[in-house]
Amino acid sequence: MKLSALLQHVSYVTVQAGDPDLTDIVYDSRKAAPGTAFVCLKGYTSDGHKFAASAVKQGVSALVISDDLDAAVPDGVAVVKADDTRAALAHMSVALFGDPAAELKTVAITGTKGKTTTAAMIAEIMERAGVKTGTIGTLGIVYGGNTYKTDNTTPESYEIQRAMRDMVNAGCGAMVIEASSIGLKHHRLDGMTFDVGVFTNFSHDHIGGVEHKDMEEYLYCKSLLFRQVKNAAANCDDPAYKDVTKDFKGTLYTFGFSENAVLRAENAHLLSEDGFIGVHFDARGSKNLSVNVGVPGVFNVYNALAAMSAVSFFDVPDDAMIEGLKAAHVKGRVEPVPVPGNYSLLIDYAHNALSMENVLTTLRAYDPHRLITLFGAGGNRPKVRRYEMGETSGRLSDLSVITEDNSRFEDVMDIIEDIKTGLHKTDGKYVVVPNRKEAIRYCMLHAEDGDIIVLAGKGHEDYQEIKGVKHHMDERELIAEIIEEEHLRD
């Protein structure tokens with residue numbers, strides 16, 4: 001593709017003439033090669049302009065800059081100057097990959113909390129409606145049963161466009177993305193028009209340092225999404241929703257518990273039966289449905305309403321909504337794992353005191369027969385984390401099962417002793433089972449009717465790091481092995 005074709009929606013001036021044929025765009029100079037355009041991005045700690053000369057030495061065919069370069073560029077290398085190279089990269093990437101968003105049903109979700117869960121719910125509903133769906137967010141790029149890890153919740157624009165093209169090629173008909181405020185601030189979603197934009201909520205986060213200078217900027221960056229959506233859905237119980245959606249020109253579809261919401265929830269209550277842990281509510285207004293959500297906590301009613309609102313623009317059948325919301329879960333976030341027996345087993349990524357407090361408090365509200373927490377702590381990390389985790393579990397759990405978790409270069413037993421220091425500040429009961437698989441086996445073999453067992457710390461991770469080596473270890477696989485080895489059956 002000609003450079004001029006890639007730049008058709010970019011405002012730029014020509015610094016050095018040329019219109020080479022290009023096969024790719026790069027923003028890492030180490031990937032520069034003949035037939036590529038190198039886009040000089042300015043990051044928090046580095047500036048791509050400083051690597052332009054290196055890219056030229058590697059044979060790059062074009063440079064896209066926003067600042068003047070320190071040295072002259074040899075003849076034969078086209079150079080163009082844009083106001084913002086991140087915005088330029090986004091528009092160039094859309095062109096390079098043939099605007100894959102135009103071939104997909106697209107939903108973008110912004111908000112402080114709930115983006116990942118809402119994305120999972122939308123994807124599950126769409127799948128139940130017969131539409132293969134990919135997601136891009138905190139857990140990476142996910143489609144077709146595969147997960148590809150990314151560095152950011154909202155990846156760089158090139159990665160987004162490439163992922164969407166891959167989704168289309170894999171037969172996907174829809175894509176859901178978490179639109180972080182940082183991603184919006186840095187133009188990673190530029191050049192796209194989403195079918196639906198969703199606002200979940202707004203609270204204090206990402207302020208200071210290299211993120212946002214204040215809450216006003218944080219709110220403004222979230223509002224940027226609603227300049228590039230065809231339809232919008234917003235949580236009208238959050239007072240920030242009007243400011244976030246002020247630039248949206250269409251009809252706003254609201255959701256919440258408010259009587260004024262287009263889609264509202266009534267009769268919300270916790271639900272725990274036959275190993276199912278979730279929340280029930282009745283949808284009223286634009287939908288009249290009885291809904292069970294398979295993710296614990298009343299706050300997930302908002303995420304369910306957000307998902308229902310988003311898919312309503314695609315005429316999704318009610319049955320798909322009901323089935324999808326009951327089955328949806330986020331890998332490694334209070335993720336239920338089917339087990340024989342009348343108890344619940346959950347996998348969660350909680351790996352510090354605050355996240356453990358949130359998860360255990362949520363589950364304690366279900367009034368389990370016993371709340372059992374299996375956890376360890378990472379090696380080569382501050383010891384105070386271990387004390388705090390031990391104290392939190394001892395205070396909120398009926399039984400703590402202490403085990404290993406990425407011990408790295410420390411001895412597992414030393415880490416466990418530190419955890420016990422925190423536990424001893426409480427009257428919580430605990431047992432020590434250093435090997436994680438055996439600790440899980442202990443929990444399963446000693447489970448009683450009505451127990452909720454939480455395997456905390458690993459979540460979506462599929463490895464255990466010991467002495468600098470990452471060994472494959474997926475707790476879902478361990479559970480299946482234990483069921484087989486112990487001949488556990490319903």
# chains A, B, ... in the order shown; residues from 1 in each chain; ligands from 1

$ select_by_dssp --residues "region 214-266 of chain A" --states "helix (DSSP H, G or I)" --output "PyMOL selection string"
chain A and resi 215-227+241-244

$ residues_around --residues "region 114-122 of chain A" --least-positions-apart "6" --cutoff "10 Å" --atoms "only C-alpha atoms" --output "number ranges by chain"
A: 107-108, 128, 133-139, 153, 174-180, 198-201, 293-295, 299-300, 302-311, 321, 324-331, 333

$ closest_residue --among "A:Val334, A:Ala365, A:Ala78, A:Leu396" --to "Asp427 (chain A)" --atoms "only C-alpha atoms"
A:Leu396

$ residues_around --residues "Leu7 (chain A)" --least-positions-apart "6" --cutoff "12 Å" --atoms "only C-alpha atoms" --output "PyMOL selection string"
chain A and resi 1+13-14+19+22+25+37+39+62-64+79-82+85+87-96+191

$ residues_around --residues "Val26 (chain A)" --least-positions-apart "4" --cutoff "9 Å" --atoms "only C-alpha atoms" --output "VMD selection string"
chain A and resid 30 to 33 36 to 40 158

$ residues_around --residues "Lys185 (chain A)" --least-positions-apart "4" --cutoff "10 Å" --atoms "only C-alpha atoms" --output "MDAnalysis selection string"
chainID A and resid 86 180:181 189:190 211:212 217:218 220:222 224:225

$ decode --residues "region 45-132 of chain A" --atoms "C-alpha atoms" --output "PDB file, in the first residue's frame"
ATOM      1  CA  THR A  45      10.156   7.353  29.250  1.00  0.00           C
ATOM      2  CA  SER A  46      11.321   7.307  25.623  1.00  0.00           C
ATOM      3  CA  ASP A  47      10.895   9.250  22.412  1.00  0.00           C
ATOM      4  CA  GLY A  48      10.766   7.444  19.079  1.00  0.00           C
ATOM      5  CA  HIS A  49      12.351  10.426  17.357  1.00  0.00           C
ATOM      6  CA  LYS A  50      15.647   9.480  19.012  1.00  0.00           C
ATOM      7  CA  PHE A  51      15.534   6.148  17.201  1.00  0.00           C
ATOM      8  CA  ALA A  52      14.735   7.483  13.743  1.00  0.00           C
ATOM      9  CA  ALA A  53      18.360   7.265  12.641  1.00  0.00           C
ATOM     10  CA  SER A  54      18.506   3.625  13.743  1.00  0.00           C
ATOM     11  CA  ALA A  55      15.354   2.875  11.767  1.00  0.00           C
ATOM     12  CA  VAL A  56      16.877   4.520   8.688  1.00  0.00           C
ATOM     13  CA  LYS A  57      20.018   2.381   9.017  1.00  0.00           C
ATOM     14  CA  GLN A  58      17.793  -0.698   9.001  1.00  0.00           C
ATOM     15  CA  GLY A  59      16.333   0.339   5.666  1.00  0.00           C
ATOM     16  CA  VAL A  60      12.975   1.870   6.655  1.00  0.00           C
ATOM     17  CA  SER A  61      11.154   3.404   3.688  1.00  0.00           C
ATOM     18  CA  ALA A  62       9.297   6.214   5.461  1.00  0.00           C
ATOM     19  CA  LEU A  63       9.319   8.176   8.693  1.00  0.00           C
ATOM     20  CA  VAL A  64       6.319   9.763  10.400  1.00  0.00           C
ATOM     21  CA  ILE A  65       7.375  12.437  12.876  1.00  0.00           C
ATOM     22  CA  SER A  66       5.881  15.209  14.994  1.00  0.00           C
ATOM     23  CA  ASP A  67       9.155  16.874  16.084  1.00  0.00           C
ATOM     24  CA  ASP A  68      12.146  17.952  14.026  1.00  0.00           C
ATOM     25  CA  LEU A  69      14.886  15.346  13.760  1.00  0.00           C
ATOM     26  CA  ASP A  70      18.449  15.945  14.941  1.00  0.00           C
ATOM     27  CA  ALA A  71      20.049  14.714  11.717  1.00  0.00           C
ATOM     28  CA  ALA A  72      19.303  14.813   8.013  1.00  0.00           C
ATOM     29  CA  VAL A  73      17.528  11.835   6.495  1.00  0.00           C
ATOM     30  CA  PRO A  74      19.079  10.243   3.390  1.00  0.00           C
ATOM     31  CA  ASP A  75      17.404  10.671   0.018  1.00  0.00           C
ATOM     32  CA  GLY A  76      14.998   7.855  -0.772  1.00  0.00           C
ATOM     33  CA  VAL A  77      13.355   7.886   2.665  1.00  0.00           C
ATOM     34  CA  ALA A  78      10.026   9.702   2.720  1.00  0.00           C
ATOM     35  CA  VAL A  79       9.432  11.905   5.764  1.00  0.00           C
ATOM     36  CA  VAL A  80       6.076  13.387   6.795  1.00  0.00           C
ATOM     37  CA  LYS A  81       5.256  15.494   9.843  1.00  0.00           C
ATOM     38  CA  ALA A  82       1.952  15.103  11.702  1.00  0.00           C
ATOM     39  CA  ASP A  83       0.601  17.034  14.668  1.00  0.00           C
ATOM     40  CA  ASP A  84       0.355  13.874  16.774  1.00  0.00           C
ATOM     41  CA  THR A  85       2.050  10.650  15.721  1.00  0.00           C
ATOM     42  CA  ARG A  86      -0.179   8.513  17.950  1.00  0.00           C
ATOM     43  CA  ALA A  87      -3.246   9.781  16.139  1.00  0.00           C
ATOM     44  CA  ALA A  88      -1.437   9.275  12.846  1.00  0.00           C
ATOM     45  CA  LEU A  89      -0.566   5.690  13.765  1.00  0.00           C
ATOM     46  CA  ALA A  90      -4.219   4.981  14.558  1.00  0.00           C
ATOM     47  CA  HIS A  91      -5.516   6.242  11.206  1.00  0.00           C
ATOM     48  CA  MET A  92      -2.666   4.568   9.298  1.00  0.00           C
ATOM     49  CA  SER A  93      -3.373   1.265  11.047  1.00  0.00           C
ATOM     50  CA  VAL A  94      -7.061   1.432  10.145  1.00  0.00           C
ATOM     51  CA  ALA A  95      -6.073   1.871   6.497  1.00  0.00           C
ATOM     52  CA  LEU A  96      -3.384  -0.828   6.579  1.00  0.00           C
ATOM     53  CA  PHE A  97      -5.757  -3.477   7.918  1.00  0.00           C
ATOM     54  CA  GLY A  98      -8.693  -2.440   5.747  1.00  0.00           C
ATOM     55  CA  ASP A  99     -10.934  -0.923   8.448  1.00  0.00           C
ATOM     56  CA  PRO A 100     -11.955  -4.230  10.063  1.00  0.00           C
ATOM     57  CA  ALA A 101     -14.385  -2.462  12.414  1.00  0.00           C
ATOM     58  CA  ALA A 102     -16.663  -1.923   9.423  1.00  0.00           C
ATOM     59  CA  GLU A 103     -17.005  -5.704   9.150  1.00  0.00           C
ATOM     60  CA  LEU A 104     -17.826  -6.255  12.843  1.00  0.00           C
ATOM     61  CA  LYS A 105     -20.479  -5.317  15.344  1.00  0.00           C
ATOM     62  CA  THR A 106     -18.433  -3.192  17.740  1.00  0.00           C
ATOM     63  CA  VAL A 107     -18.909  -2.182  21.373  1.00  0.00           C
ATOM     64  CA  ALA A 108     -16.539   0.013  23.398  1.00  0.00           C
ATOM     65  CA  ILE A 109     -16.881   0.228  27.184  1.00  0.00           C
ATOM     66  CA  THR A 110     -15.478   2.994  29.359  1.00  0.00           C
ATOM     67  CA  GLY A 111     -15.756   3.625  33.098  1.00  0.00           C
ATOM     68  CA  THR A 112     -13.677   3.255  36.239  1.00  0.00           C
ATOM     69  CA  LYS A 113     -14.962  -0.176  37.212  1.00  0.00           C
ATOM     70  CA  GLY A 114     -16.800  -3.029  35.563  1.00  0.00           C
ATOM     71  CA  LYS A 115     -15.327  -2.845  32.049  1.00  0.00           C
ATOM     72  CA  THR A 116     -13.849  -6.356  32.064  1.00  0.00           C
ATOM     73  CA  THR A 117     -16.935  -8.018  33.532  1.00  0.00           C
ATOM     74  CA  THR A 118     -19.296  -6.126  31.219  1.00  0.00           C
ATOM     75  CA  ALA A 119     -17.191  -7.087  28.193  1.00  0.00           C
ATOM     76  CA  ALA A 120     -17.329 -10.750  29.210  1.00  0.00           C
ATOM     77  CA  MET A 121     -21.095 -10.554  29.626  1.00  0.00           C
ATOM     78  CA  ILE A 122     -21.613  -8.941  26.218  1.00  0.00           C
ATOM     79  CA  ALA A 123     -19.372 -11.514  24.547  1.00  0.00           C
ATOM     80  CA  GLU A 124     -21.214 -14.418  26.178  1.00  0.00           C
ATOM     81  CA  ILE A 125     -24.601 -13.012  25.172  1.00  0.00           C
ATOM     82  CA  MET A 126     -23.471 -12.487  21.580  1.00  0.00           C
ATOM     83  CA  GLU A 127     -22.064 -16.011  21.424  1.00  0.00           C
ATOM     84  CA  ARG A 128     -25.387 -17.375  22.693  1.00  0.00           C
ATOM     85  CA  ALA A 129     -27.047 -15.411  19.904  1.00  0.00           C
ATOM     86  CA  GLY A 130     -24.853 -17.201  17.381  1.00  0.00           C
ATOM     87  CA  VAL A 131     -22.334 -14.383  16.801  1.00  0.00           C
ATOM     88  CA  LYS A 132     -18.680 -15.304  17.329  1.00  0.00           C
TER      89      LYS A 132
END
